Amino acid sequence: MLDLSDLPPPREALTVYVEISEKDVHFFDSALKAFNHRVTPRRDARLINGKLYYKSYVAPDFWPEIQSLLETLRRYIEIGEIKVEP
């Protein structure tokens, strides 16, 4: 049997809120799902200061890669603020 007892505990996922419009949700969701196991998009939304933010969970090790993806997506859809909670 494989002994994993020496491994450190897994790090908590980052909770990432991305400001996008409702019309772009499906495109955004599809783009994030293309990154298997790096990000878990949710259909949860949060209203912050009158702006709509969609929630995703990101593995901390993949955050730089996801930031790059979000910058690329800005060419195709309007992405506003990005808020990250540890």
# chains A, B, ... in the order shown; residues from 1 in each chain; ligands from 1
call {"tool": "residues_around", "arguments": {"residues": "Pro41 of chain A", "least_positions_apart": "3", "cutoff": "7 Å", "atoms": "only C-alpha atoms", "output": "list in words"}}
result
Asp29, Leu32, Lys55, Ser56 and Tyr57 of chain A
call {"tool": "write_last_selection", "arguments": {"atoms": "C-alpha atoms", "output": "PDB file, in the first residue's frame"}}
result
ATOM      1  CA  ASP A  29     -17.286  29.014 -17.461  1.00  0.00           C
ATOM      2  CA  LEU A  32     -12.103  27.875 -17.078  1.00  0.00           C
ATOM      3  CA  LYS A  55     -16.867  32.672  -7.769  1.00  0.00           C
ATOM      4  CA  SER A  56     -14.193  30.106  -8.628  1.00  0.00           C
ATOM      5  CA  TYR A  57     -11.806  27.987  -6.610  1.00  0.00           C
TER       6      TYR A  57
END
call {"tool": "residues_around", "arguments": {"residues": "Ala45 of chain A", "least_positions_apart": "3", "cutoff": "7 Å", "atoms": "only C-alpha atoms", "output": "ChimeraX atom specification"}}
result
/A:52-55
call {"tool": "write_last_selection", "arguments": {"atoms": "C-alpha atoms", "output": "PDB file, in the first residue's frame"}}
result
ATOM      1  CA  LEU A  52     -21.638  41.192  -9.787  1.00  0.00           C
ATOM      2  CA  TYR A  53     -18.752  38.780  -9.122  1.00  0.00           C
ATOM      3  CA  TYR A  54     -18.626  35.097 -10.056  1.00  0.00           C
ATOM      4  CA  LYS A  55     -16.867  32.672  -7.769  1.00  0.00           C
TER       5      LYS A  55
END
call {"tool": "residues_around", "arguments": {"residues": "Thr72 of chain A", "least_positions_apart": "5", "cutoff": "12 Å", "atoms": "only C-alpha atoms", "output": "ChimeraX atom specification"}}
result
/A:28,31-32,65-67,77-79
call {"tool": "write_last_selection", "arguments": {"atoms": "N, CA and C atoms", "output": "tab-separated table (two decimals), in the first residue's frame"}}
result
chain	number	residue	atom	x	y	z
A	28	PHE	N	-17.11	32.31	-20.08
A	28	PHE	CA	-16.14	32.31	-18.98
A	28	PHE	C	-16.05	30.93	-18.35
A	31	ALA	N	-14.27	28.43	-20.66
A	31	ALA	CA	-12.83	28.67	-20.73
A	31	ALA	C	-12.12	28.14	-19.48
A	32	LEU	N	-12.72	28.36	-18.32
A	32	LEU	CA	-12.10	27.88	-17.08
A	32	LEU	C	-12.12	26.35	-16.99
A	65	GLU	N	-0.88	30.77	-13.47
A	65	GLU	CA	-1.40	30.30	-14.76
A	65	GLU	C	-2.82	30.82	-15.01
A	66	ILE	N	-3.64	30.83	-13.97
A	66	ILE	CA	-5.02	31.31	-14.10
A	66	ILE	C	-5.04	32.82	-14.31
A	67	GLN	N	-4.14	33.54	-13.66
A	67	GLN	CA	-4.05	34.99	-13.89
A	67	GLN	C	-3.76	35.26	-15.37
A	77	ILE	N	-13.96	38.98	-23.54
A	77	ILE	CA	-15.09	39.38	-22.72
A	77	ILE	C	-14.63	40.48	-21.76
A	78	GLU	N	-15.60	41.23	-21.26
A	78	GLU	CA	-15.27	42.29	-20.32
A	78	GLU	C	-15.12	41.70	-18.93
A	79	ILE	N	-13.91	41.78	-18.42
A	79	ILE	CA	-13.62	41.32	-17.06
A	79	ILE	C	-13.21	42.55	-16.25
call {"tool": "atom_distance", "arguments": {"atom1": "atom CA of Leu14 of chain A", "atom2": "atom CA of Lys33 of chain A"}}
result
16.3 Å
call {"tool": "select_by_dssp", "arguments": {"residues": "chain A", "states": "helix (DSSP H, G or I)", "output": "PyMOL selection string"}}
result
chain A and resi 22-33+60-73
call {"tool": "atom_distance", "arguments": {"atom1": "atom CA of Pro60 of chain A", "atom2": "atom CA of Arg11 of chain A"}}
result
7.3 Å
call {"tool": "select_by_dssp", "arguments": {"residues": "chain A", "states": "strand (DSSP E)", "output": "PyMOL selection string"}}
result
chain A and resi 14-20+39-48+51-58+79-85
call {"tool": "closest_residue", "arguments": {"among": "A:Ser21, A:Ile48, A:Val16, A:Leu69", "to": "Pro86 of chain A", "atoms": "only C-alpha atoms"}}
result
A:Val16
